[in-house]
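Visitor: I'd like to ask you about the structure that follows.
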Amino acid sequence: TWADHDKRYFHELANIIEARVILCLGRSTFEGVLSAFDTPLTVRIKDYNAFIEGPDNPVAVSLENGQTAYVFALAHCGAMGTLNRNGKKSTDLSKQIEDWRKIKPYLDK
């Protein structure tokens, strides 16, 4: 409910700051941001971890000025997000470090 209420404000903020990348910590946040841009996913997310690692991440959205912003699906960097990212097996951060390394080229665009 809150995401539906706030999505127009988020969309407006992304346009004001001319966001180049939008980092979404968790699936609900990712889906909420895409909804704010009226951008449907072209694939169904069956496994969020696989989606994070897959070729459909990030999703490009258009800003009002014609520029593109890239919306990244990421795991939350807290303890539960790290456990979820590792299949509840460990708190190793190596997968998340690799996820975040994928962002840098988009910042340089």
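Labels used: A, B, ... for chains in the order of the structure tokens, numbers from 1 for residues in each chain, and numbers from 1 for ligands as shown.
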Can you list, as an NGL selection string, every protein, DNA or RNA residue that comes within 9 Å of A:Leu25 when you count only C-alpha atoms, leaving out same-chain residues fewer than 4 positions away?
Guide: :A and (29-30 or 72-77 or 81)
Visitor: Env of stretch 7-23 of chain A: 12 Å cut, atoms = only C-alpha atoms, seq-sep filter 4 positions within chain, self excluded. Answer as a PyMOL selection string.
Guide: chain A and resi 1-3+27+29-39+52+57-77+99-100+102-109
Visitor: Give me, please, the distance in Å between atom CA of A:Asn49 and atom CA of A:Asn86, quoted to one decimal.
Guide: 8.6 Å
Visitor: I'd like the contact shell of A:Met80 - 12 Å cut-off, only C-alpha atoms, skipping same-chain residues fewer than 4 positions apart - returned as an MDAnalysis selection string.
Guide: chainID A and resid 25:26 75:76 84:93
Visitor: Store the residues of this selection in a file with C-alpha atoms, as a short mmCIF file (atom, residue, chain, number, x, y, z; two decimals), in the first residue's frame.
Guide:
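Contents of the output file part.cif:
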data_model
loop_
_atom_site.label_atom_id
_atom_site.label_comp_id
_atom_site.auth_asym_id
_atom_site.auth_seq_id
_atom_site.Cartn_x
_atom_site.Cartn_y
_atom_site.Cartn_z
CA LEU A 25 17.80 -3.71 -1.81
CA GLY A 26 15.31 -6.57 -1.97
CA ALA A 75 20.06 -8.33 -1.95
CA HIS A 76 19.77 -6.28 1.20
CA ASN A 84 19.22 -15.05 1.70
CA ARG A 85 21.81 -14.27 -0.98
CA ASN A 86 23.87 -17.28 0.13
CA GLY A 87 20.99 -19.72 0.44
CA LYS A 88 20.96 -19.44 4.25
CA LYS A 89 24.38 -21.12 4.32
CA SER A 90 26.73 -18.35 5.40
CA THR A 91 27.28 -14.67 5.89
CA ASP A 92 30.04 -14.57 3.25
CA LEU A 93 29.84 -11.32 1.28
#
Visitor: For the atom pair atom CA of A:Val43 and atom CA of A:Arg101, what is the interatomic distance in Å to one decimal place?
Guide: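 Going from atom CA of A:Val43 over to atom CA of A:Arg101, I get 23.2 Å.
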Visitor: Give the strand (DSSP E or B) residues of chain A, as assigned by DSSP on the backbone, as a list in words.
Guide: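 Those residues are Val21, Ile22, Leu23, Cys24, Leu25, Val59, Ala60, Val61, Ser62, Thr68, Ala69, Tyr70, Val71, Phe72, Ala73 and Leu74 of chain A.
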Visitor: Would you output that residue set with C-alpha atoms, as an mmCIF file, in the first residue's frame?
Guide:
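Here's the written file result.cif:
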data_model
loop_
_atom_site.group_PDB
_atom_site.id
_atom_site.type_symbol
_atom_site.label_atom_id
_atom_site.label_comp_id
_atom_site.auth_asym_id
_atom_site.auth_seq_id
_atom_site.Cartn_x
_atom_site.Cartn_y
_atom_site.Cartn_z
ATOM 1 C CA VAL A 21 21.412 4.118 -11.326
ATOM 2 C CA ILE A 22 18.804 3.065 -8.795
ATOM 3 C CA LEU A 23 19.840 0.369 -6.341
ATOM 4 C CA CYS A 24 17.020 -1.741 -4.957
ATOM 5 C CA LEU A 25 17.800 -3.707 -1.813
ATOM 6 C CA VAL A 59 16.388 -2.943 -16.049
ATOM 7 C CA ALA A 60 16.564 0.293 -18.046
ATOM 8 C CA VAL A 61 13.914 2.955 -17.378
ATOM 9 C CA SER A 62 13.442 6.299 -19.083
ATOM 10 C CA THR A 68 18.176 6.247 -19.139
ATOM 11 C CA ALA A 69 18.414 5.137 -15.528
ATOM 12 C CA TYR A 70 19.385 1.579 -14.666
ATOM 13 C CA VAL A 71 17.444 -0.170 -11.913
ATOM 14 C CA PHE A 72 19.464 -2.880 -10.164
ATOM 15 C CA ALA A 73 17.986 -5.770 -8.218
ATOM 16 C CA LEU A 74 20.228 -6.461 -5.222
#
Visitor: Just give me the gap between atom CA of A:Asp6 and atom CA of A:Pro40 in Å, one decimal is fine.
Guide: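 So the answer is 17.8 Å.
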Visitor: Step one, run DSSP on the backbone; step two, keep only residues of stretch 8-98 of chain A assigned to alpha helix (DSSP H); then write them as an MDAnalysis selection string.
Guide: chainID A and resid 8:17 27:36 48:53 79:85 94:98
